[in-house]
$ cat run_20.cif   # mmCIF, C-alpha atoms
data_model
loop_
_atom_site.label_atom_id
_atom_site.label_comp_id
_atom_site.auth_asym_id
_atom_site.auth_seq_id
_atom_site.Cartn_x
_atom_site.Cartn_y
_atom_site.Cartn_z
CA MET D 91 -11.52 18.30 11.20
CA ARG D 92 -7.79 18.96 11.34
CA THR D 93 -7.06 15.34 12.20
CA TRP D 94 -9.37 14.05 9.47
CA ALA D 95 -7.69 16.39 6.97
CA GLN D 96 -4.25 15.08 7.95
CA PHE D 97 -5.43 11.46 7.78
CA LEU D 98 -7.03 11.82 4.36
CA SER D 99 -4.12 13.87 3.02
CA ALA D 100 -1.60 11.23 4.08
CA GLY D 101 -3.73 8.43 2.64
CA LEU D 102 -4.20 10.29 -0.63
CA VAL D 103 -0.53 11.17 -1.06
CA TRP D 104 0.72 7.71 -0.09
CA GLY D 105 -1.85 6.04 -2.31
CA ALA D 106 -0.96 8.33 -5.21
CA SER D 107 2.79 7.78 -4.72
CA PHE D 108 2.62 4.70 -6.96
CA LEU D 109 1.14 6.81 -9.75
CA PHE D 110 3.88 9.40 -9.24
CA MET D 111 6.54 6.69 -9.47
CA ALA D 112 5.00 5.30 -12.65
CA VAL D 113 5.03 8.73 -14.31
CA ALA D 114 8.54 9.58 -13.10
CA LEU D 115 9.92 6.31 -14.49
CA GLY D 116 9.09 7.65 -17.93
CA GLY D 117 12.06 10.00 -17.71
CA VAL D 118 14.45 8.84 -14.99
CA SER D 119 15.80 5.51 -13.79
CA PHE D 120 14.31 3.59 -10.87
CA THR D 121 17.39 4.40 -8.77
CA GLN D 122 17.00 8.10 -9.52
CA VAL D 123 13.36 7.98 -8.43
CA ALA D 124 14.29 6.38 -5.10
CA TRP D 125 17.25 8.75 -4.61
CA THR D 126 15.20 11.88 -5.35
CA ARG D 127 12.24 11.05 -3.12
CA THR D 128 14.47 10.15 -0.16
CA VAL D 129 16.71 13.21 -0.41
CA LEU D 130 13.79 15.61 -0.91
CA GLY D 131 11.93 13.97 1.97
CA GLY D 132 14.94 14.30 4.27
CA LEU D 133 15.42 17.96 3.35
CA THR D 134 11.73 18.71 3.91
CA LEU D 135 11.63 17.06 7.32
CA GLY D 136 14.91 18.72 8.24
CA LEU D 137 13.38 22.13 7.56
CA VAL D 138 10.33 21.22 9.66
CA VAL D 139 12.53 20.20 12.60
CA LEU D 140 14.65 23.33 12.19
CA ALA D 141 11.52 25.50 12.31
CA VAL D 142 9.66 23.70 15.09
CA ARG D 143 12.64 22.43 17.14
CA PRO D 144 10.57 19.79 18.96
CA ARG D 145 11.76 18.61 22.37
CA VAL D 146 10.64 16.02 24.89
CA ALA D 147 10.76 17.11 28.55
CA GLY D 148 13.25 19.86 27.74
CA GLY D 149 15.74 17.44 26.18
CA PRO D 150 17.82 18.01 23.05
CA VAL D 151 16.20 18.41 19.64
CA LEU D 152 18.33 15.59 18.22
CA PRO D 153 19.47 12.53 20.16
CA ARG D 154 23.06 12.59 21.41
CA GLU D 155 23.82 8.89 21.98
CA PRO D 156 25.79 7.32 19.10
CA ILE D 157 23.86 4.04 19.48
CA VAL D 158 20.60 5.88 18.79
CA TRP D 159 22.02 7.28 15.56
CA LEU D 160 23.08 3.76 14.61
CA HIS D 161 19.55 2.49 15.24
CA PHE D 162 18.16 5.25 13.02
CA LEU D 163 20.65 4.30 10.32
CA VAL D 164 19.24 0.77 10.41
CA ILE D 165 15.61 1.87 10.13
CA GLY D 166 16.55 4.48 7.51
CA VAL D 167 17.94 1.69 5.33
CA LEU D 168 15.08 -0.71 6.09
CA GLY D 169 12.31 1.88 5.91
CA CYS D 170 13.52 4.07 3.03
CA VAL D 171 16.56 3.00 1.02
CA ILE D 172 15.79 -0.66 0.28
CA PRO D 173 11.98 -0.49 -0.07
CA PHE D 174 12.05 2.68 -2.18
CA LEU D 175 14.54 1.03 -4.55
CA LEU D 176 12.50 -2.18 -4.66
CA PHE D 177 9.19 -0.44 -5.34
CA SER D 178 10.71 1.76 -8.05
CA TRP D 179 12.36 -1.25 -9.69
CA ALA D 180 9.16 -3.29 -9.42
CA GLN D 181 7.05 -0.67 -11.15
CA GLN D 182 9.02 -1.19 -14.32
CA SER D 183 7.12 -4.47 -14.71
CA VAL D 184 4.00 -4.19 -12.52
CA THR D 185 1.23 -1.60 -12.60
CA SER D 186 0.94 1.14 -10.01
CA SER D 187 -2.43 -0.37 -9.02
CA LEU D 188 -0.90 -3.75 -8.25
CA ALA D 189 2.04 -2.18 -6.39
CA SER D 190 -0.36 -0.21 -4.18
CA ILE D 191 -2.34 -3.37 -3.41
CA LEU D 192 0.78 -5.32 -2.46
CA ASN D 193 1.91 -2.40 -0.28
CA ALA D 194 -1.13 -3.12 1.88
CA THR D 195 0.54 -6.33 3.09
CA THR D 196 2.78 -4.24 5.39
CA PRO D 197 0.74 -4.94 8.57
CA ILE D 198 0.94 -8.69 7.89
CA MET D 199 4.73 -8.45 7.47
CA THR D 200 4.92 -6.37 10.64
CA ALA D 201 2.99 -8.95 12.65
CA ILE D 202 5.33 -11.71 11.47
CA ALA D 203 8.53 -9.74 12.14
CA ALA D 204 7.39 -8.38 15.51
CA THR D 205 6.46 -11.87 16.68
CA LEU D 206 9.11 -14.15 15.21
CA ALA D 207 12.18 -11.93 14.74
CA PHE D 208 11.98 -9.41 17.59
CA ARG D 209 9.51 -11.06 19.98
CA VAL D 210 7.93 -7.74 20.90
CA GLU D 211 4.41 -9.10 20.28
CA ARG D 212 2.60 -12.37 20.84
CA LEU D 213 -0.08 -13.53 18.44
CA ASP D 214 -2.99 -15.61 19.65
CA ALA D 215 -4.81 -18.11 17.44
CA SER D 216 -7.08 -15.45 15.94
CA ARG D 217 -4.14 -13.22 14.98
CA TRP D 218 -2.18 -16.12 13.52
CA LEU D 219 -5.25 -16.90 11.45
CA GLY D 220 -5.06 -13.32 10.21
CA VAL D 221 -1.47 -13.84 9.10
CA VAL D 222 -2.45 -17.02 7.23
CA VAL D 223 -5.45 -15.29 5.62
CA GLY D 224 -3.23 -12.39 4.59
CA ILE D 225 -0.75 -14.78 2.95
CA LEU D 226 -3.61 -16.47 1.09
CA GLY D 227 -4.70 -13.05 -0.12
CA VAL D 228 -1.21 -12.43 -1.49
CA VAL D 229 -1.39 -15.75 -3.35
CA VAL D 230 -4.69 -14.67 -4.91
CA ILE D 231 -3.17 -11.34 -5.95
CA ILE D 232 -0.09 -12.94 -7.52
CA ALA D 233 -2.26 -15.60 -9.22
CA PRO D 234 0.36 -18.33 -9.68
CA TRP D 235 -2.12 -20.25 -11.86
CA SER D 236 -1.86 -17.53 -14.51
CA SER D 237 0.29 -18.26 -17.55
CA GLU D 238 0.90 -14.54 -18.14
CA LEU D 239 3.03 -13.75 -15.09
CA GLY D 240 6.30 -13.37 -16.97
CA GLY D 241 8.54 -10.63 -15.64
CA SER D 242 5.75 -9.28 -13.46
CA LEU D 243 6.31 -12.10 -10.94
CA ALA D 244 9.76 -10.70 -10.10
CA GLY D 245 8.20 -7.25 -9.73
CA GLN D 246 5.51 -8.54 -7.39
CA LEU D 247 8.10 -10.37 -5.30
CA ALA D 248 10.10 -7.12 -5.14
CA CYS D 249 7.01 -5.33 -3.79
CA LEU D 250 6.65 -8.02 -1.14
CA GLY D 251 10.35 -7.67 -0.35
CA ALA D 252 9.75 -3.95 0.22
CA THR D 253 6.84 -4.57 2.60
CA ALA D 254 8.93 -7.20 4.40
CA CYS D 255 11.54 -4.47 4.96
CA TYR D 256 8.81 -2.24 6.37
CA GLY D 257 7.72 -5.06 8.68
CA VAL D 258 11.25 -5.64 9.97
CA MET D 259 11.71 -1.89 10.36
CA PHE D 260 8.59 -1.56 12.52
CA GLY D 261 9.64 -4.51 14.67
CA TYR D 262 13.17 -3.11 15.05
CA THR D 263 11.77 0.30 15.96
CA ARG D 264 9.48 -1.21 18.57
CA LYS D 265 12.36 -3.10 20.17
CA PHE D 266 15.13 -0.51 20.13
CA LEU D 267 13.65 2.99 19.74
CA SER D 268 10.01 3.20 20.86
CA GLY D 269 10.84 3.72 24.53
CA ARG D 270 13.28 6.58 23.98
CA PRO D 271 12.25 10.22 24.62
CA ILE D 272 12.39 11.41 21.01
CA ALA D 273 9.82 13.82 19.57
CA GLN D 274 7.79 12.20 16.80
CA THR D 275 8.69 14.87 14.23
CA THR D 276 12.36 14.37 15.08
CA PHE D 277 11.82 10.62 14.79
CA ALA D 278 10.49 10.98 11.24
CA PHE D 279 13.36 13.28 10.28
CA MET D 280 15.98 10.95 11.72
CA GLN D 281 14.60 7.95 9.86
CA VAL D 282 14.23 9.63 6.47
CA GLY D 283 17.32 11.79 7.02
CA MET D 284 19.56 8.79 7.66
CA GLY D 285 18.11 7.13 4.59
CA ALA D 286 18.87 10.30 2.63
CA ALA D 287 22.45 10.30 3.94
CA VAL D 288 22.92 6.76 2.64
CA MET D 289 21.45 7.76 -0.70
CA LEU D 290 23.82 10.73 -0.92
CA LEU D 291 26.79 8.46 -0.23
CA LEU D 292 25.60 6.22 -3.06
CA THR D 293 25.00 9.12 -5.47
CA PRO D 294 27.58 7.96 -8.06
CA LEU D 295 25.82 4.59 -8.23
CA LEU D 296 22.20 5.70 -7.98
CA ALA D 297 21.71 9.24 -9.23
CA VAL D 298 24.15 9.64 -12.11
CA GLY D 299 22.79 8.85 -15.53
CA PRO D 300 20.71 10.21 -18.40
CA VAL D 301 17.40 11.88 -17.60
CA ARG D 302 14.49 13.15 -19.68
CA LEU D 303 12.57 15.69 -17.67
CA ASP D 304 9.30 17.37 -18.48
CA ALA D 305 6.83 19.24 -16.30
CA ALA D 306 4.86 16.13 -15.32
CA ILE D 307 7.96 14.18 -14.28
CA VAL D 308 9.37 17.09 -12.24
CA VAL D 309 6.03 17.64 -10.47
CA CYS D 310 5.67 13.92 -9.68
CA LEU D 311 9.19 13.71 -8.26
CA ALA D 312 8.63 16.85 -6.18
CA ILE D 313 5.31 15.59 -4.77
CA LEU D 314 6.76 12.14 -4.16
CA GLY D 315 9.65 13.60 -2.17
CA ILE D 316 8.30 16.72 -0.47
CA LEU D 317 4.82 15.41 0.32
CA GLY D 318 4.99 11.61 0.15
CA THR D 319 8.34 11.17 1.93
CA GLY D 320 8.25 14.44 3.85
CA LEU D 321 5.10 16.21 5.01
CA ALA D 322 2.92 13.08 4.97
CA TYR D 323 5.08 11.72 7.79
CA VAL D 324 4.31 14.85 9.82
CA TRP D 325 0.59 14.54 9.05
CA ASN D 326 0.65 10.91 10.13
CA ILE D 327 2.33 11.89 13.39
CA GLY D 328 -0.51 14.33 14.06
CA VAL D 329 -3.05 11.56 13.48
CA ILE D 330 -1.16 9.19 15.81
CA ARG D 331 -1.16 11.84 18.55
CA ASP D 332 -4.90 12.51 18.23
CA TRP D 333 -6.25 9.03 17.43
CA GLY D 334 -3.57 6.66 18.66
CA PRO D 335 -1.40 4.29 16.57
CA THR D 336 -4.08 1.63 16.02
CA ASN D 337 -6.64 4.00 14.52
CA ALA D 338 -3.92 5.84 12.60
CA SER D 339 -2.87 2.56 10.98
CA THR D 340 -6.23 2.39 9.18
CA VAL D 341 -4.54 4.52 6.51
CA THR D 342 -3.50 1.07 5.25
CA TYR D 343 -7.04 0.64 3.96
CA VAL D 344 -7.06 4.00 2.18
CA THR D 345 -3.82 3.81 0.18
CA PRO D 346 -4.62 0.77 -2.03
CA VAL D 347 -8.03 2.19 -2.91
CA VAL D 348 -6.45 5.48 -3.98
CA GLY D 349 -3.68 3.67 -5.85
CA VAL D 350 -6.07 1.44 -7.78
CA VAL D 351 -8.50 4.23 -8.67
CA LEU D 352 -5.72 6.52 -9.93
CA GLY D 353 -3.96 3.70 -11.80
CA VAL D 354 -7.13 2.69 -13.62
CA LEU D 355 -8.52 6.19 -14.30
CA VAL D 356 -5.32 8.17 -14.95
CA LEU D 357 -3.00 5.56 -16.45
CA SER D 358 -5.70 3.27 -17.92
CA GLU D 359 -4.08 0.27 -16.23
CA PRO D 360 -5.82 -3.10 -16.52
CA LEU D 361 -7.24 -4.64 -13.36
CA SER D 362 -7.75 -8.39 -13.14
CA TRP D 363 -10.47 -9.84 -10.93
CA ASN D 364 -7.97 -11.53 -8.63
CA GLU D 365 -6.27 -8.27 -7.62
CA PRO D 366 -9.22 -6.57 -5.82
CA VAL D 367 -10.44 -9.93 -4.51
CA GLY D 368 -6.99 -10.71 -3.12
CA ALA D 369 -6.82 -7.22 -1.64
CA LEU D 370 -10.07 -7.81 0.24
CA VAL D 371 -8.71 -11.11 1.59
CA VAL D 372 -5.53 -9.29 2.70
CA MET D 373 -7.65 -6.63 4.44
CA LEU D 374 -9.54 -9.36 6.30
CA GLY D 375 -6.21 -10.83 7.33
CA ILE D 376 -5.08 -7.42 8.61
CA LEU D 377 -8.27 -7.03 10.66
CA LEU D 378 -7.67 -10.43 12.27
CA ALA D 379 -3.91 -9.91 12.74
CA GLN D 380 -4.45 -6.55 14.43
CA GLY D 381 -7.17 -7.93 16.71
CA ARG D 382 -9.89 -5.71 15.24
CA VAL D 383 -11.91 -8.83 14.40
CA ARG D 384 -11.61 -12.02 16.44
CA MET D 385 -12.70 -15.62 15.97
CA PRO D 386 -15.65 -16.60 18.21
CA LEU D 387 -13.56 -19.22 20.06
CA ALA D 388 -10.73 -16.75 20.66
CA ARG D 389 -13.23 -14.16 21.94
CA ARG D 390 -14.78 -16.60 24.39
CA SER D 391 -11.32 -17.65 25.62
CA ALA D 392 -10.35 -14.03 26.23
CA GLN D 393 -13.56 -13.40 28.17
CA ALA D 394 -13.06 -16.55 30.24
CA GLY D 395 -9.49 -15.46 31.09
#

$ encode --input "run_20.cif" --output "structure tokens"
Amino acid sequence: MRTWAQFLSAGLVWGASFLFMAVALGGVSFTQVAWTRTVLGGLTLGLVVLAVRPRVAGGPVLPREPIVWLHFLVIGVLGCVIPFLLFSWAQQSVTSSLASILNATTPIMTAIAATLAFRVERLDASRWLGVVVGILGVVVIIAPWSSELGGSLAGQLACLGATACYGVMFGYTRKFLSGRPIAQTTFAFMQVGMGAAVMLLLTPLLAVGPVRLDAAIVVCLAILGILGTGLAYVWNIGVIRDWGPTNASTVTYVTPVVGVVLGVLVLSEPLSWNEPVGALVVMLGILLAQGRVRMPLARRSAQAG
């Protein structure tokens, strides 16, 4: 029950994060949204590490090698700074529902980056088919045949740029950090914390400017930072420990459903037929790319081998 609670809580918070961004953008700039969520997330995870002081085999709480800190700087930028800015900017022209659907392309981006850029995975024919199916799903979501794309096309491409950053970040992590003895809570803090450090350095460029705060905006920013960029990482770590990374990654299927439902019911956002249909095609692509579903020929080949 504890693991299920953590899984559902993370899926709910991450799915609702697009609603929180949409509301927050009503009073602060997109850069201020990204800055706030990253800094609050880093502070939250820092407090968790300070209280728990997790160690692996009696080692230090925080890594001591400078190269490890440099690696965390890279994934902090790729996993927090750039994608948070891109998603916040995108939601000025695309709905929270659509942003949450496009966020579900992260496993497809990860498969491409892990295979082509970092060569830490090899995709067989069935998994490559999944990548192709996922890309076709993205095309259906974007609907290039529509004459009403306008500025939303740039926003959708920004969302895909954010998920591409996530994909590169996961591949980079697999290649340079996965084998190191670092506690998972510390890992989350280092990633978000380094992203927060970059945001703090860029404060004059990102956080300074006029704001219009009300209770709803303050609450959304707090939830987005403390829960969505902070505690949800800890919950996800608990799920990974109990279920394993493959089963934990099924949160990918929860977040777009939550995002769409909240966007339509709370914000009264329109939903075109191609968006849920494209999302289903992307989900099929993810199942194939992750090896959860295999083509009959690929399955027979694996059994013969």

$ resolve_selection --input "run_20.cif" --expression "the PyMOL selection byres ((chain D and resi 94) around 12)" --output "ChimeraX atom specification"
/D:91-93,95-102,325-326,328-330,332-333,337-338,341

$ resolve_selection --input "run_20.cif" --expression "the PyMOL selection byres ((chain D and resi 121) around 10)" --output "ChimeraX atom specification"
/D:115,118-120,122-126,171,174-176,178-179,289,293,295-299

$ resolve_selection --input "run_20.cif" --expression "the PyMOL selection byres ((chain D and resi 276) around 9)" --output "list in words"
Leu135, Gly136, Val138, Val139, Arg143, Pro144, Arg145, Val151, Leu152, Pro153, Ile272, Ala273, Gln274, Thr275, Phe277, Ala278, Phe279, Met280 and Gln281 of chain D

$ closest_residue --input "run_20.cif" --among "D:Ile307, D:Ile376, D:Val113, D:Leu357" --to "Ala201 in chain D" --atoms "only C-alpha atoms"
D:Ile376

$ closest_residue --input "run_20.cif" --among "D:Ile232, D:Ala147, D:Leu206, D:Ala180" --to "Trp218 in chain D" --atoms "all atoms listed in the file"
D:Leu206

$ residues_near_point --input "run_20.cif" --point "(11.1, -10.9, -3.1)" --cutoff "12 Å" --atoms "all atoms listed in the file" --output "list in words"
Ile172, Pro173, Leu176, Phe177, Trp179, Ala180, Leu192, Ser242, Leu243, Ala244, Gly245, Gln246, Leu247, Ala248, Cys249, Leu250, Gly251, Ala252, Thr253, Ala254 and Cys255 of chain D

$ atom_distance --input "run_20.cif" --atom1 "CA of Val367 in chain D" --atom2 "CA of Ile202 in chain D"
22.5 Å

$ closest_atom_pairs --input "run_20.cif" --of "range 135-173 of chain D" --to "range 258-265 of chain D" --cutoff "12 Å" --atoms "all atoms listed in the file" --output "Markdown table"
| residue | atom | partner | partner_atom | distance |
| --- | --- | --- | --- | --- |
| D:Val158 | CA | D:Thr263 | CA | 10.8 |
| D:Leu160 | CA | D:Thr263 | CA | 11.9 |
| D:His161 | CA | D:Thr263 | CA | 8.1 |
| D:Phe162 | CA | D:Thr263 | CA | 8.6 |
| D:Leu163 | CA | D:Met259 | CA | 10.9 |
| D:Val164 | CA | D:Met259 | CA | 8.0 |
| D:Ile165 | CA | D:Met259 | CA | 5.4 |
| D:Gly166 | CA | D:Met259 | CA | 8.5 |
| D:Val167 | CA | D:Met259 | CA | 8.8 |
| D:Leu168 | CA | D:Met259 | CA | 5.6 |
| D:Gly169 | CA | D:Met259 | CA | 5.9 |
| D:Cys170 | CA | D:Met259 | CA | 9.6 |
| D:Val171 | CA | D:Met259 | CA | 11.6 |
| D:Ile172 | CA | D:Met259 | CA | 10.9 |
| D:Pro173 | CA | D:Met259 | CA | 10.5 |

$ decode --input "run_20.cif" --residues "range 279-392 of chain D" --atoms "C-alpha atoms" --output "mmCIF file, in the first residue's frame"
data_model
loop_
_atom_site.group_PDB
_atom_site.id
_atom_site.type_symbol
_atom_site.label_atom_id
_atom_site.label_comp_id
_atom_site.auth_asym_id
_atom_site.auth_seq_id
_atom_site.Cartn_x
_atom_site.Cartn_y
_atom_site.Cartn_z
ATOM 1 C CA PHE D 279 19.093 16.134 -4.497
ATOM 2 C CA MET D 280 22.300 16.467 -6.490
ATOM 3 C CA GLN D 281 20.454 16.654 -9.789
ATOM 4 C CA VAL D 282 17.815 19.170 -8.715
ATOM 5 C CA GLY D 283 20.252 20.984 -6.423
ATOM 6 C CA MET D 284 22.753 21.597 -9.214
ATOM 7 C CA GLY D 285 19.916 22.803 -11.405
ATOM 8 C CA ALA D 286 18.858 25.138 -8.595
ATOM 9 C CA ALA D 287 22.422 26.443 -8.284
ATOM 10 C CA VAL D 288 22.414 27.333 -11.977
ATOM 11 C CA MET D 289 19.050 29.029 -11.594
ATOM 12 C CA LEU D 290 20.349 31.060 -8.651
ATOM 13 C CA LEU D 291 23.343 32.190 -10.691
ATOM 14 C CA LEU D 292 20.928 33.313 -13.409
ATOM 15 C CA THR D 293 18.580 35.077 -10.967
ATOM 16 C CA PRO D 294 19.066 38.570 -12.485
ATOM 17 C CA LEU D 295 18.043 37.182 -15.876
ATOM 18 C CA LEU D 296 15.290 34.783 -14.833
ATOM 19 C CA ALA D 297 13.676 35.816 -11.562
ATOM 20 C CA VAL D 298 13.675 39.622 -11.601
ATOM 21 C CA GLY D 299 10.573 41.244 -12.984
ATOM 22 C CA PRO D 300 6.997 42.229 -12.181
ATOM 23 C CA VAL D 301 4.759 39.685 -10.482
ATOM 24 C CA ARG D 302 1.063 39.534 -9.650
ATOM 25 C CA LEU D 303 0.542 37.064 -6.851
ATOM 26 C CA ASP D 304 -2.684 35.763 -5.415
ATOM 27 C CA ALA D 305 -3.439 32.731 -3.260
ATOM 28 C CA ALA D 306 -3.935 30.370 -6.214
ATOM 29 C CA ILE D 307 -0.658 31.352 -7.884
ATOM 30 C CA VAL D 308 1.339 31.056 -4.637
ATOM 31 C CA VAL D 309 -0.166 27.630 -3.880
ATOM 32 C CA CYS D 310 0.524 26.377 -7.417
ATOM 33 C CA LEU D 311 4.142 27.544 -7.301
ATOM 34 C CA ALA D 312 4.631 25.955 -3.873
ATOM 35 C CA ILE D 313 3.140 22.614 -4.958
ATOM 36 C CA LEU D 314 5.071 22.690 -8.220
ATOM 37 C CA GLY D 315 8.353 23.208 -6.375
ATOM 38 C CA ILE D 316 7.995 21.411 -3.040
ATOM 39 C CA LEU D 317 5.997 18.427 -4.288
ATOM 40 C CA GLY D 318 6.507 18.226 -8.059
ATOM 41 C CA THR D 319 10.245 18.992 -8.112
ATOM 42 C CA GLY D 320 10.978 17.845 -4.566
ATOM 43 C CA LEU D 321 9.077 15.142 -2.702
ATOM 44 C CA ALA D 322 7.779 13.422 -5.846
ATOM 45 C CA TYR D 323 11.385 12.518 -6.655
ATOM 46 C CA VAL D 324 11.678 10.847 -3.249
ATOM 47 C CA TRP D 325 8.384 8.994 -3.779
ATOM 48 C CA ASN D 326 9.570 7.805 -7.169
ATOM 49 C CA ILE D 327 12.796 6.530 -5.614
ATOM 50 C CA GLY D 328 10.731 4.476 -3.160
ATOM 51 C CA VAL D 329 8.778 2.961 -6.052
ATOM 52 C CA ILE D 330 11.995 2.145 -7.948
ATOM 53 C CA ARG D 331 13.389 0.371 -4.879
ATOM 54 C CA ASP D 332 10.239 -1.718 -4.360
ATOM 55 C CA TRP D 333 9.141 -2.375 -7.952
ATOM 56 C CA GLY D 334 12.269 -1.852 -10.021
ATOM 57 C CA PRO D 335 12.910 0.852 -12.653
ATOM 58 C CA THR D 336 10.852 -0.757 -15.437
ATOM 59 C CA ASN D 337 7.647 -0.998 -13.417
ATOM 60 C CA ALA D 338 8.279 2.417 -11.854
ATOM 61 C CA SER D 339 8.480 3.945 -15.336
ATOM 62 C CA THR D 340 4.792 3.131 -15.887
ATOM 63 C CA VAL D 341 4.129 6.477 -14.199
ATOM 64 C CA THR D 342 4.567 7.716 -17.792
ATOM 65 C CA TYR D 343 1.100 6.359 -18.512
ATOM 66 C CA VAL D 344 -0.469 8.079 -15.507
ATOM 67 C CA THR D 345 0.768 11.653 -15.950
ATOM 68 C CA PRO D 346 -0.850 12.470 -19.338
ATOM 69 C CA VAL D 347 -4.198 11.098 -18.164
ATOM 70 C CA VAL D 348 -4.082 13.302 -15.067
ATOM 71 C CA GLY D 349 -2.903 16.293 -17.103
ATOM 72 C CA VAL D 350 -5.673 15.958 -19.684
ATOM 73 C CA VAL D 351 -8.450 15.386 -17.138
ATOM 74 C CA LEU D 352 -7.404 18.397 -15.032
ATOM 75 C CA GLY D 353 -6.883 20.615 -18.076
ATOM 76 C CA VAL D 354 -10.328 19.846 -19.460
ATOM 77 C CA LEU D 355 -12.260 19.861 -16.159
ATOM 78 C CA VAL D 356 -10.478 22.635 -14.243
ATOM 79 C CA LEU D 357 -9.318 24.973 -17.009
ATOM 80 C CA SER D 358 -12.024 24.084 -19.577
ATOM 81 C CA GLU D 359 -9.338 23.502 -22.206
ATOM 82 C CA PRO D 360 -10.422 22.225 -25.625
ATOM 83 C CA LEU D 361 -9.318 18.745 -26.641
ATOM 84 C CA SER D 362 -9.100 17.823 -30.312
ATOM 85 C CA TRP D 363 -9.599 14.229 -31.429
ATOM 86 C CA ASN D 364 -6.020 13.908 -32.655
ATOM 87 C CA GLU D 365 -4.492 14.609 -29.229
ATOM 88 C CA PRO D 366 -5.830 11.539 -27.322
ATOM 89 C CA VAL D 367 -5.509 9.378 -30.442
ATOM 90 C CA GLY D 368 -1.891 10.462 -30.893
ATOM 91 C CA ALA D 369 -1.276 9.848 -27.193
ATOM 92 C CA LEU D 370 -2.498 6.268 -27.546
ATOM 93 C CA VAL D 371 -0.185 5.748 -30.528
ATOM 94 C CA VAL D 372 2.720 7.154 -28.475
ATOM 95 C CA MET D 373 1.854 4.775 -25.608
ATOM 96 C CA LEU D 374 1.924 1.844 -28.032
ATOM 97 C CA GLY D 375 5.312 3.036 -29.225
ATOM 98 C CA ILE D 376 6.552 3.181 -25.625
ATOM 99 C CA LEU D 377 5.358 -0.378 -24.975
ATOM 100 C CA LEU D 378 7.264 -1.598 -28.041
ATOM 101 C CA ALA D 379 10.370 0.528 -27.357
ATOM 102 C CA GLN D 380 10.603 -0.720 -23.770
ATOM 103 C CA GLY D 381 10.134 -4.349 -24.808
ATOM 104 C CA ARG D 382 6.839 -4.733 -22.944
ATOM 105 C CA VAL D 383 5.163 -5.756 -26.207
ATOM 106 C CA ARG D 384 7.079 -7.467 -29.001
ATOM 107 C CA MET D 385 6.413 -8.218 -32.644
ATOM 108 C CA PRO D 386 5.694 -11.925 -33.306
ATOM 109 C CA LEU D 387 8.790 -12.283 -35.525
ATOM 110 C CA ALA D 388 11.019 -10.631 -32.922
ATOM 111 C CA ARG D 389 9.594 -12.916 -30.217
ATOM 112 C CA ARG D 390 10.259 -16.046 -32.249
ATOM 113 C CA SER D 391 13.810 -14.869 -32.995
ATOM 114 C CA ALA D 392 14.485 -14.293 -29.291
#
